[in-house]
>>> print(open('my_file.tsv').read())   # TSV, C-alpha atoms and all ligand atoms
chain	number	residue	atom	x	y	z
L	1	MET	CA	96.23	118.24	41.67
L	2	PHE	CA	98.20	117.70	44.84
L	3	LYS	CA	95.45	115.62	46.34
L	4	LEU	CA	95.41	113.35	43.33
L	5	ASP	CA	99.18	112.87	43.54
L	6	TRP	CA	99.03	111.99	47.20
L	7	LYS	CA	96.29	109.49	46.56
L	8	ARG	CA	98.24	107.87	43.76
L	9	LEU	CA	101.31	107.76	45.90
L	10	GLY	CA	99.27	106.23	48.64
L	11	ILE	CA	97.87	103.56	46.37
L	12	THR	CA	101.30	102.72	45.00
L	13	ALA	CA	102.82	102.54	48.46
L	14	GLY	CA	99.90	100.46	49.64
L	15	LEU	CA	100.31	98.05	46.76
L	16	SER	CA	104.01	97.56	47.22
L	17	LEU	CA	103.55	97.00	50.95
L	18	THR	CA	100.99	94.34	50.18
L	19	LEU	CA	103.40	92.71	47.75
L	20	ILE	CA	106.22	92.79	50.26
L	21	ALA	CA	103.95	91.34	52.91
L	22	ALA	CA	102.82	88.59	50.55
L	23	GLY	CA	106.43	87.86	49.64
L	24	CYS	CA	107.41	87.62	53.28
L	25	GLY	CA	104.48	85.39	54.03
L	26	SER	CA	105.33	82.82	51.40
L	27	SER	CA	109.04	82.73	52.19
L	28	GLU	CA	108.23	82.36	55.90
L	29	GLU	CA	105.97	79.48	55.11
L	30	GLU	CA	108.70	77.79	53.12
L	31	GLY	CA	111.16	78.54	55.90
L	32	SER	CA	109.04	77.03	58.61
L	33	GLY	CA	108.39	73.99	56.43
L	34	ASP	CA	112.12	73.39	56.19
L	35	GLU	CA	112.61	73.91	59.89
L	36	GLY	CA	109.81	71.49	60.55
L	37	SER	CA	111.38	68.68	58.58
L	38	GLU	CA	114.77	69.36	60.15
L	39	GLY	CA	113.12	69.12	63.55
L	40	ASN	CA	111.58	65.80	62.62
L	41	GLU	CA	114.93	64.42	61.51
L	42	GLY	CA	116.28	65.32	64.94
L	43	ASN	CA	113.29	63.29	66.19
L	44	THR	CA	112.63	65.37	69.32
L	45	GLU	CA	110.18	68.13	69.86
L	46	GLU	CA	112.53	69.92	72.18
L	47	GLU	CA	111.05	72.74	74.12
L	48	ALA	CA	112.52	76.10	73.22
L	49	SER	CA	115.02	77.27	75.85
L	50	TYR	CA	114.00	80.06	78.19
L	51	GLY	CA	116.45	82.29	76.36
L	52	GLU	CA	114.65	81.70	73.09
L	53	GLN	CA	111.21	82.14	74.66
L	54	LEU	CA	112.29	85.41	76.26
L	55	ASP	CA	114.10	86.63	73.18
L	56	TYR	CA	117.23	86.67	75.40
L	57	THR	CA	115.81	89.59	77.34
L	58	ILE	CA	115.93	90.34	81.06
L	59	THR	CA	113.14	92.70	82.11
L	60	GLY	CA	114.83	95.62	83.80
L	61	ILE	CA	113.56	98.77	85.52
L	62	GLU	CA	114.76	102.40	85.35
L	63	ALA	CA	118.04	102.82	83.47
L	64	GLY	CA	119.67	104.57	86.47
L	65	ALA	CA	118.94	101.79	88.96
L	66	GLY	CA	121.83	99.90	90.50
L	67	VAL	CA	120.16	96.57	89.88
L	68	VAL	CA	120.07	97.34	86.14
L	69	ALA	CA	123.78	98.20	86.14
L	70	SER	CA	124.45	94.92	87.98
L	71	ALA	CA	122.36	92.97	85.46
L	72	GLU	CA	124.29	94.58	82.62
L	73	SER	CA	127.56	93.61	84.24
L	74	ALA	CA	126.24	90.06	84.73
L	75	VAL	CA	125.56	89.87	80.99
L	76	GLU	CA	129.23	90.80	80.44
L	77	THR	CA	130.57	88.48	83.13
L	78	TYR	CA	128.68	85.25	82.45
L	79	ASP	CA	129.78	83.63	79.19
L	80	ASN	CA	126.44	81.86	78.94
L	81	LEU	CA	124.64	85.22	78.81
L	82	GLU	CA	126.17	85.99	75.45
L	83	GLY	CA	123.58	87.69	73.26
L	84	TRP	CA	121.31	88.56	76.22
L	85	GLU	CA	120.04	92.09	76.84
L	86	VAL	CA	118.64	94.02	79.76
L	87	ALA	CA	115.55	95.94	78.66
L	88	THR	CA	115.06	99.11	80.70
L	89	SER	CA	111.68	100.64	81.44
L	90	SER	CA	110.24	101.42	84.87
L	91	SER	CA	109.57	99.58	88.10
L	92	GLY	CA	105.85	99.77	87.28
L	93	ALA	CA	106.31	98.26	83.82
L	94	MET	CA	108.47	95.49	85.28
L	95	ALA	CA	105.77	94.69	87.84
L	96	THR	CA	103.10	94.57	85.13
L	97	GLU	CA	105.20	92.25	82.99
L	98	LEU	CA	105.92	89.99	85.94
L	99	THR	CA	102.24	89.89	86.92
L	100	GLU	CA	101.12	89.01	83.39
L	101	ALA	CA	103.75	86.29	83.06
L	102	VAL	CA	102.76	84.70	86.37
L	103	GLU	CA	99.06	84.83	85.48
L	104	ASN	CA	99.83	82.95	82.25
L	105	GLU	CA	102.51	80.72	83.79
L	106	GLU	CA	104.99	81.97	81.24
L	107	PRO	CA	108.73	82.42	81.78
L	108	VAL	CA	110.05	85.83	82.79
L	109	ILE	CA	113.30	87.10	84.31
L	110	VAL	CA	113.22	90.44	86.10
L	111	THR	CA	115.74	92.60	87.91
L	112	GLY	CA	114.34	92.22	91.42
L	113	TRP	CA	114.96	93.32	94.96
L	114	THR	CA	114.01	92.65	98.57
L	115	PRO	CA	112.09	94.12	100.33
L	116	HIS	CA	109.36	94.04	97.70
L	117	TRP	CA	105.67	93.14	97.72
L	118	LYS	CA	106.15	90.79	94.75
L	119	PHE	CA	107.52	88.09	97.06
L	120	ALA	CA	104.39	88.18	99.21
L	121	LYS	CA	102.13	88.08	96.17
L	122	PHE	CA	103.84	85.52	93.94
L	123	ASP	CA	106.02	82.41	94.39
L	124	LEU	CA	109.37	83.73	93.25
L	125	LYS	CA	113.04	82.87	93.64
L	126	TYR	CA	116.38	84.58	93.13
L	127	LEU	CA	118.66	82.94	90.58
L	128	GLU	CA	121.96	81.92	92.16
L	129	ASP	CA	124.75	84.28	91.23
L	130	PRO	CA	128.05	82.38	91.58
L	131	GLU	CA	130.02	85.24	90.01
L	132	GLY	CA	128.67	87.73	92.53
L	133	SER	CA	127.48	90.29	89.99
L	134	PHE	CA	124.71	91.39	92.35
L	135	GLY	CA	126.84	91.62	95.50
L	136	GLU	CA	125.98	90.06	98.82
L	137	ALA	CA	123.61	91.30	101.52
L	138	GLU	CA	122.75	94.96	101.16
L	139	GLU	CA	121.57	97.55	103.61
L	140	ILE	CA	119.60	100.70	102.98
L	141	LYS	CA	121.26	103.77	104.45
L	142	THR	CA	120.26	107.32	105.22
L	143	MET	CA	122.30	110.15	103.69
L	144	VAL	CA	121.97	113.84	104.56
L	145	ARG	CA	123.53	117.03	103.31
L	146	GLN	CA	126.51	118.50	105.09
L	147	GLY	CA	125.50	121.13	107.62
L	148	LEU	CA	122.07	119.64	108.40
L	149	GLU	CA	123.14	118.78	111.93
L	150	ASP	CA	123.92	122.44	112.68
L	151	ASP	CA	120.99	123.98	110.79
L	152	GLN	CA	118.31	121.52	111.79
L	153	PRO	CA	119.43	119.30	114.67
L	154	GLU	CA	115.93	117.90	115.29
L	155	ALA	CA	115.55	116.78	111.67
L	156	TYR	CA	119.06	115.36	111.70
L	157	GLN	CA	118.35	113.34	114.83
L	158	ILE	CA	115.06	111.88	113.57
L	159	LEU	CA	116.68	110.87	110.26
L	160	ASP	CA	119.58	109.38	112.21
L	161	GLN	CA	117.23	107.37	114.44
L	162	PHE	CA	115.01	106.10	111.61
L	163	ASN	CA	115.37	102.33	111.52
L	164	TRP	CA	112.98	99.53	110.61
L	165	THR	CA	112.84	96.00	109.19
L	166	PRO	CA	112.12	94.48	105.78
L	167	ALA	CA	108.80	93.17	107.19
L	168	ASP	CA	107.81	96.71	108.25
L	169	MET	CA	108.62	98.09	104.83
L	170	GLU	CA	106.76	95.29	103.08
L	171	GLU	CA	103.58	96.05	105.01
L	172	VAL	CA	103.53	99.56	103.59
L	173	MET	CA	104.46	98.37	100.11
L	174	LEU	CA	101.69	95.78	100.05
L	175	GLU	CA	99.10	98.34	101.02
L	176	VAL	CA	100.29	100.69	98.28
L	177	ASP	CA	100.27	97.85	95.75
L	178	GLY	CA	96.71	97.12	96.86
L	179	GLY	CA	95.74	100.60	95.72
L	180	ALA	CA	96.22	102.76	98.82
L	181	ASP	CA	97.65	106.24	98.51
L	182	PRO	CA	101.29	106.06	99.72
L	183	GLN	CA	100.77	108.84	102.26
L	184	GLU	CA	97.73	107.07	103.67
L	185	ALA	CA	99.50	103.69	103.79
L	186	ALA	CA	102.39	105.37	105.61
L	187	GLN	CA	100.03	106.92	108.15
L	188	ASN	CA	98.29	103.57	108.72
L	189	TRP	CA	101.61	101.92	109.41
L	190	ILE	CA	102.63	104.72	111.79
L	191	ASP	CA	99.34	104.40	113.69
L	192	ALA	CA	99.92	100.67	114.11
L	193	ASN	CA	103.58	101.05	115.18
L	194	GLU	CA	103.61	103.91	117.65
L	195	GLU	CA	106.33	102.42	119.85
L	196	LYS	CA	108.77	102.01	117.01
L	197	VAL	CA	108.06	105.50	115.73
L	198	ALA	CA	108.57	106.91	119.23
L	199	GLU	CA	112.14	105.60	119.13
L	200	TRP	CA	112.82	107.61	115.99
L	201	THR	CA	111.62	110.87	117.52
L	202	ASP	CA	113.03	110.10	120.97
L	203	GLY	CA	114.97	112.99	122.46
L	204	THR	CA	113.79	115.54	119.89
L	205	GLU	CA	111.51	118.50	120.35
L	206	GLU	CA	108.68	119.52	118.08
L	207	VAL	CA	109.42	122.31	115.61
L	208	ASP	CA	107.27	124.99	114.07
L	209	GLY	CA	107.12	124.52	110.32
L	210	ASN	CA	110.83	124.00	109.58
L	211	GLU	CA	111.19	123.11	105.92
L	212	ILE	CA	112.74	119.78	104.99
L	213	GLU	CA	113.14	118.36	101.51
L	214	LEU	CA	113.65	114.63	101.12
L	215	VAL	CA	114.47	113.08	97.76
L	216	TYR	CA	113.83	109.52	96.58
L	217	VAL	CA	113.30	107.43	93.46
L	218	ASN	CA	109.92	105.99	92.47
L	219	TRP	CA	110.89	102.46	93.48
L	220	ASP	CA	108.16	100.74	95.50
L	221	SER	CA	110.51	100.27	98.46
L	222	GLU	CA	111.55	103.93	98.52
L	223	ILE	CA	107.99	105.21	98.03
L	224	ALA	CA	107.20	103.33	101.26
L	225	SER	CA	110.18	104.46	103.36
L	226	THR	CA	110.16	108.07	102.22
L	227	ASN	CA	106.45	108.51	102.85
L	228	VAL	CA	106.73	106.96	106.31
L	229	ILE	CA	109.61	109.15	107.49
L	230	ALA	CA	107.96	112.22	105.90
L	231	GLU	CA	104.71	111.63	107.81
L	232	VAL	CA	106.63	111.07	111.04
L	233	MET	CA	108.46	114.36	110.57
L	234	LYS	CA	105.27	116.23	109.66
L	235	ALA	CA	103.73	115.08	112.94
L	236	GLN	CA	106.73	116.66	114.70
L	237	GLY	CA	105.94	120.01	113.07
L	238	PHE	CA	108.16	119.88	109.98
L	239	ASP	CA	106.99	121.16	106.62
L	240	VAL	CA	108.20	118.20	104.54
L	241	THR	CA	108.45	118.06	100.75
L	242	ILE	CA	109.28	114.77	99.08
L	243	THR	CA	110.63	114.89	95.54
L	244	ALA	CA	111.02	111.90	93.22
L	245	LEU	CA	114.13	111.97	91.02
L	246	ASP	CA	116.28	109.54	89.06
L	247	ASN	CA	118.93	107.71	91.05
L	248	GLY	CA	121.96	109.82	90.03
L	249	PRO	CA	120.20	113.17	90.64
L	250	MET	CA	118.90	111.89	93.99
L	251	TRP	CA	122.47	111.39	95.22
L	252	GLU	CA	123.74	114.62	93.64
L	253	SER	CA	120.99	116.78	95.10
L	254	VAL	CA	121.91	115.71	98.64
L	255	ALA	CA	125.63	116.07	97.94
L	256	SER	CA	125.13	119.58	96.56
L	257	GLY	CA	122.91	120.54	99.49
L	258	ASP	CA	119.87	121.26	97.31
L	259	ALA	CA	117.99	118.55	99.18
L	260	ASP	CA	118.31	117.82	102.91
L	261	GLY	CA	118.45	114.06	102.78
L	262	MET	CA	117.27	110.67	101.56
L	263	VAL	CA	116.64	107.24	103.05
L	264	ALA	CA	117.26	105.34	99.80
L	265	ALA	CA	120.98	104.56	99.61
L	266	TRP	CA	121.45	100.87	98.79
L	267	LEU	CA	124.96	99.80	99.79
L	268	PRO	CA	127.61	98.57	99.58
L	269	ALA	CA	127.05	97.29	96.02
L	270	THR	CA	123.84	98.61	94.46
L	271	HIS	CA	124.72	102.31	94.69
L	272	GLY	CA	128.45	101.80	95.16
L	273	ASP	CA	129.31	104.06	92.22
L	274	GLN	CA	127.05	106.87	93.39
L	275	TYR	CA	128.42	106.60	96.92
L	276	GLU	CA	131.98	106.77	95.68
L	277	SER	CA	131.45	109.89	93.63
L	278	ASN	CA	129.47	111.73	96.33
L	279	GLN	CA	130.88	110.49	99.63
L	280	ASP	CA	133.11	113.51	100.25
L	281	SER	CA	130.19	115.92	100.16
L	282	ILE	CA	127.52	113.86	101.88
L	283	GLU	CA	126.95	112.68	105.45
L	284	ASP	CA	126.30	108.97	105.97
L	285	LEU	CA	123.89	108.34	108.87
L	286	GLY	CA	124.14	104.56	108.67
L	287	ALA	CA	121.61	101.83	107.95
L	288	ASN	CA	117.87	102.36	108.29
L	289	LEU	CA	117.16	98.78	107.13
L	290	GLU	CA	119.22	95.60	107.12
L	291	GLY	CA	118.63	92.47	105.05
L	292	ALA	CA	118.09	93.97	101.62
L	293	LYS	CA	119.07	92.16	98.44
L	294	ILE	CA	119.08	92.55	94.67
L	295	GLY	CA	119.32	89.98	91.88
L	296	LEU	CA	117.61	88.27	88.99
L	297	VAL	CA	114.20	87.00	90.03
L	298	VAL	CA	112.03	84.36	88.33
L	299	PRO	CA	108.78	82.54	89.16
L	300	LYS	CA	109.39	79.28	91.06
L	301	TYR	CA	107.72	77.25	88.30
L	302	MET	CA	110.68	78.01	86.04
L	303	ASP	CA	113.09	75.12	85.85
L	304	VAL	CA	116.24	77.16	86.41
L	305	ASP	CA	118.14	77.85	89.63
L	306	SER	CA	121.29	79.67	88.64
L	307	ILE	CA	122.22	82.43	86.23
L	308	GLU	CA	124.73	79.89	84.91
L	309	ASP	CA	121.88	77.61	83.73
L	310	LEU	CA	120.60	80.10	81.14
L	311	GLN	CA	121.39	79.38	77.51
L	312	PRO	CA	123.40	81.73	75.30
L	313	ASP	CA	122.01	83.08	72.04
L	314	ASN	CA	123.95	81.17	69.40
L	401	LIG	N1	116.25	99.09	93.60
L	401	LIG	C1	115.39	99.43	94.72
L	401	LIG	C2	117.20	100.20	93.56
L	401	LIG	C3	117.51	100.44	94.95
L	401	LIG	C4	116.19	100.29	95.58
L	401	LIG	C5	116.91	97.82	93.91
L	401	LIG	C6	115.45	99.02	92.43
L	401	LIG	C7	118.35	100.12	92.58
L	401	LIG	O1	118.50	99.09	91.92
L	401	LIG	O2	119.10	101.07	92.43
>>> encode(input="my_file.tsv", output="structure tokens")
Amino acid sequence: MFKLDWKRLGITAGLSLTLIAAGCGSSEEEGSGDEGSEGNEGNTEEEASYGEQLDYTITGIEAGAGVVASAESAVETYDNLEGWEVATSSSGAMATELTEAVENEEPVIVTGWTPHWKFAKFDLKYLEDPEGSFGEAEEIKTMVRQGLEDDQPEAYQILDQFNWTPADMEEVMLEVDGGADPQEAAQNWIDANEEKVAEWTDGTEEVDGNEIELVYVNWDSEIASTNVIAEVMKAQGFDVTITALDNGPMWESVASGDADGMVAAWLPATHGDQYESNQDSIEDLGANLEGAKIGLVVPKYMDVDSIEDLQPDN
């Protein structure tokens, strides 16, 4: 009895869906016919604007990322971005979308940052940002919990001395993007850069299994830096755990003292809000990398140079 009812219901639902679909189809056809003749009257076959092609969507990354917050504020600030949206997903999904677009020479706008392997792999450019929504030059800083210097002076000193360049970081990122395990890529870089690494451990003594927990976010740049400093510390005798969190929790765990430190603080703009709310309970060990940047990134084949050139949805 029940079965029969369900089947009937199914058939009815199926039928009405078919009817709706058919209805839609015919009205769409009529619609496009009208549009077509209108287009002909206007006598140009104008290419759809990038906004239209992209459905007025900027491809973002994790919702907690600073670059996503900056992109959202750009959408508010620039009048010509009216009707645009920032789609959030993950750094991995953004990279996949960018890769597919480049392979098909299609338009795409992503929330991007430097250092990143994408600039070595593809011909990309930052869109000019006359309103300054994405800040100026950024540096990546090291933050540790209060009390680390007293409890674990050797760890504190190594974290304080950790300092490298965008080119260094990109080497590790490229190897990871090529399929290497992050820990292995970090070790390869360390083996090839012994002198630099010796400066980070200079003046410290080896320890015997002291536990250290470093936190980070699964951004390609931070996967690289965190794995490198973790391997360096392990070689000095530390028992290092690295834990991936969202951006807000990364900052809070160091401020609360649950984690010992992180090398992933993008300042002054990108993580400005997080810094402000945690600065009284965190220790700032200064920059570990200079010359970082965030912004909207597009393939060079796109005929647009400034955020201001994008077309509003109207
Ligand atoms: N990023 C990479 C981060 C900082 C490091 C630019 C994606 C962010 O936007 O918060």
>>> closest_residue(input="my_file.tsv", among="L:Ala230, L:Val102, L:Ala244, L:Ile140", to="ligand LIG 401 (chain L)", atoms="all atoms listed in the file")
L:Ile140
>>> residues_near_point(input="my_file.tsv", point="(110.8, 119.6, 108.7)", cutoff="6 Å", atoms="all atoms listed in the file", output="list in words")
Asn210, Glu211, Ile212, Phe238, Asp239 and Val240 of chain L
>>> write_last_selection(input="my_file.tsv", atoms="C-alpha atoms", output="PDB file, in the coordinates of the input")
ATOM      1  CA  ASN L 210     110.830 124.000 109.580  1.00  0.00           C
ATOM      2  CA  GLU L 211     111.190 123.110 105.920  1.00  0.00           C
ATOM      3  CA  ILE L 212     112.740 119.780 104.990  1.00  0.00           C
ATOM      4  CA  PHE L 238     108.160 119.880 109.980  1.00  0.00           C
ATOM      5  CA  ASP L 239     106.990 121.160 106.620  1.00  0.00           C
ATOM      6  CA  VAL L 240     108.200 118.200 104.540  1.00  0.00           C
TER       7      VAL L 240
END
>>> residues_near_ligand(input="my_file.tsv", ligand="ligand LIG 401 (chain L)", cutoff="6 Å", atoms="only C-alpha atoms and all ligand atoms", output="PDB file with C-alpha atoms, in the frame of the given file")
ATOM      1  CA  ALA L  65     118.940 101.790  88.960  1.00  0.00           C
ATOM      2  CA  GLY L  66     121.830  99.900  90.500  1.00  0.00           C
ATOM      3  CA  VAL L  67     120.160  96.570  89.880  1.00  0.00           C
ATOM      4  CA  TRP L 113     114.960  93.320  94.960  1.00  0.00           C
ATOM      5  CA  TRP L 219     110.890 102.460  93.480  1.00  0.00           C
ATOM      6  CA  TRP L 266     121.450 100.870  98.790  1.00  0.00           C
ATOM      7  CA  THR L 270     123.840  98.610  94.460  1.00  0.00           C
ATOM      8  CA  ILE L 294     119.080  92.550  94.670  1.00  0.00           C
TER       9      ILE L 294
END
>>> residues_around(input="my_file.tsv", residues="region 84-95 of chain L", least_positions_apart="3", cutoff="9 Å", atoms="only C-alpha atoms", output="VMD selection string")
chain L and resid 51 55 to 63 68 71 to 72 75 80 to 81 98 to 100 110 to 111 118 218 to 220 312 to 313
>>> residues_near_point(input="my_file.tsv", point="(116.9, 115.6, 96.2)", cutoff="7 Å", atoms="all atoms listed in the file", output="mmCIF file with C-alpha atoms, in the coordinates of the input")
data_model
loop_
_atom_site.group_PDB
_atom_site.id
_atom_site.type_symbol
_atom_site.label_atom_id
_atom_site.label_comp_id
_atom_site.auth_asym_id
_atom_site.auth_seq_id
_atom_site.Cartn_x
_atom_site.Cartn_y
_atom_site.Cartn_z
ATOM 1 C CA LEU L 214 113.650 114.630 101.120
ATOM 2 C CA VAL L 215 114.470 113.080 97.760
ATOM 3 C CA TYR L 216 113.830 109.520 96.580
ATOM 4 C CA THR L 243 110.630 114.890 95.540
ATOM 5 C CA LEU L 245 114.130 111.970 91.020
ATOM 6 C CA PRO L 249 120.200 113.170 90.640
ATOM 7 C CA MET L 250 118.900 111.890 93.990
ATOM 8 C CA SER L 253 120.990 116.780 95.100
ATOM 9 C CA VAL L 254 121.910 115.710 98.640
ATOM 10 C CA ASP L 258 119.870 121.260 97.310
ATOM 11 C CA ALA L 259 117.990 118.550 99.180
ATOM 12 C CA GLY L 261 118.450 114.060 102.780
#
>>> axis_aligned_box(input="my_file.tsv", around="region 232-236 of chain L", padding_each_side="6 Å", output="JSON")
{"center_x": 106.1, "center_y": 113.9, "center_z": 112.2, "size_x": 16.7, "size_y": 17.6, "size_z": 17.0}
>>> residues_around(input="my_file.tsv", residues="Gly132 (chain L)", least_positions_apart="4", cutoff="9 Å", atoms="all atoms listed in the file", output="MDAnalysis selection string")
chainID L and resid 74 128 136
>>> atom_distance(input="my_file.tsv", atom1="CA of Thr96 (chain L)", atom2="CA of Lys121 (chain L)")
12.8 Å
>>> atom_distance(input="my_file.tsv", atom1="CA of Lys293 (chain L)", atom2="CA of Gln157 (chain L)")
26.8 Å
>>> atom_distance(input="my_file.tsv", atom1="CA of Glu213 (chain L)", atom2="CA of Trp200 (chain L)")
18.0 Å
>>> residues_around(input="my_file.tsv", residues="Val298 (chain L)", least_positions_apart="3", cutoff="12 Å", atoms="only C-alpha atoms", output="VMD selection string")
chain L and resid 50 58 to 59 97 to 99 101 to 102 105 to 113 118 to 119 122 to 128 295 301 to 307 310
>>> residues_around(input="my_file.tsv", residues="region 280-292 of chain L", least_positions_apart="4", cutoff="6 Å", atoms="only C-alpha atoms", output="list in words")
Thr114, Glu138, Glu139, Ile140, Lys141, Thr142, Met143, Val144, Arg145, Gln146, Asp160, Phe162, Asn163, Trp164, Thr165 and Ala255 of chain L
>>> residues_around(input="my_file.tsv", residues="region 187-195 of chain L", least_positions_apart="5", cutoff="7 Å", atoms="all atoms listed in the file", output="MDAnalysis selection string")
chainID L and resid 172 228 231
>>> closest_residue(input="my_file.tsv", among="L:Gly64, L:Pro299, L:Gly209, L:Pro153", to="Glu103 (chain L)", atoms="only C-alpha atoms")
L:Pro299
>>> closest_residue(input="my_file.tsv", among="L:Ala269, L:Gln311, L:Ser256, L:Glu276", to="Gly147 (chain L)", atoms="only C-alpha atoms")
L:Ser256
>>> closest_residue(input="my_file.tsv", among="L:Asp202, L:Glu308, L:Gly179, L:Val217", to="Glu131 (chain L)", atoms="only C-alpha atoms")
L:Glu308
>>> closest_residue(input="my_file.tsv", among="L:Ala264, L:Ile229, L:Ala224, L:Ala48", to="Gln161 (chain L)", atoms="all atoms listed in the file")
L:Ile229
>>> build_atoms(input="my_file.tsv", residues="region 215-222 of chain L", atoms="all heavy atoms", output="short mmCIF file (atom, residue, chain, number, x, y, z; two decimals), in the frame of the given file")
data_model
loop_
_atom_site.label_atom_id
_atom_site.label_comp_id
_atom_site.auth_asym_id
_atom_site.auth_seq_id
_atom_site.Cartn_x
_atom_site.Cartn_y
_atom_site.Cartn_z
N VAL L 215 114.53 113.56 99.13
CA VAL L 215 114.47 113.08 97.76
C VAL L 215 114.46 111.55 97.76
O VAL L 215 114.90 110.92 98.72
CB VAL L 215 115.65 113.63 96.91
CG1 VAL L 215 115.39 115.08 96.52
CG2 VAL L 215 116.98 113.51 97.64
N TYR L 216 113.92 110.99 96.70
CA TYR L 216 113.83 109.52 96.58
C TYR L 216 113.67 109.17 95.12
O TYR L 216 113.66 110.05 94.25
CB TYR L 216 112.65 108.99 97.43
CG TYR L 216 111.27 109.35 96.94
CD1 TYR L 216 110.40 108.37 96.45
CD2 TYR L 216 110.81 110.67 96.97
CE1 TYR L 216 109.12 108.69 96.01
CE2 TYR L 216 109.53 111.00 96.53
CZ TYR L 216 108.70 110.00 96.05
OH TYR L 216 107.44 110.32 95.62
N VAL L 217 113.60 107.88 94.82
CA VAL L 217 113.30 107.43 93.46
C VAL L 217 111.98 106.66 93.53
O VAL L 217 111.68 106.05 94.56
CB VAL L 217 114.43 106.54 92.88
CG1 VAL L 217 114.11 106.13 91.44
CG2 VAL L 217 115.76 107.26 92.94
N ASN L 218 111.20 106.67 92.49
CA ASN L 218 109.92 105.99 92.47
C ASN L 218 110.03 104.47 92.43
O ASN L 218 109.41 103.82 91.59
CB ASN L 218 109.09 106.47 91.27
CG ASN L 218 108.10 107.53 91.70
OD1 ASN L 218 107.57 107.49 92.82
ND2 ASN L 218 107.86 108.49 90.83
N TRP L 219 110.85 103.91 93.29
CA TRP L 219 110.89 102.46 93.48
C TRP L 219 109.90 102.16 94.60
O TRP L 219 109.80 102.95 95.57
CB TRP L 219 112.29 102.00 93.91
CG TRP L 219 113.36 102.25 92.91
CD1 TRP L 219 113.32 101.96 91.57
CD2 TRP L 219 114.66 102.83 93.16
NE1 TRP L 219 114.52 102.32 90.99
CE2 TRP L 219 115.34 102.84 91.93
CE3 TRP L 219 115.30 103.30 94.30
CZ2 TRP L 219 116.64 103.33 91.80
CZ3 TRP L 219 116.58 103.79 94.18
CH2 TRP L 219 117.24 103.81 92.93
N ASP L 220 109.20 101.03 94.52
CA ASP L 220 108.16 100.74 95.50
C ASP L 220 108.69 100.79 96.93
O ASP L 220 108.02 101.28 97.84
CB ASP L 220 107.57 99.35 95.23
CG ASP L 220 107.19 99.19 93.77
OD1 ASP L 220 108.10 99.25 92.91
OD2 ASP L 220 106.01 99.00 93.47
N SER L 221 109.93 100.28 97.12
CA SER L 221 110.51 100.27 98.46
C SER L 221 110.74 101.70 98.98
O SER L 221 110.50 102.01 100.14
CB SER L 221 111.83 99.48 98.45
OG SER L 221 112.53 99.68 97.23
N GLU L 222 111.21 102.56 98.10
CA GLU L 222 111.55 103.93 98.52
C GLU L 222 110.30 104.81 98.62
O GLU L 222 110.28 105.76 99.41
CB GLU L 222 112.56 104.52 97.54
CG GLU L 222 113.99 104.08 97.81
CD GLU L 222 114.20 102.58 98.01
OE1 GLU L 222 113.64 101.78 97.23
OE2 GLU L 222 114.90 102.20 98.96
#
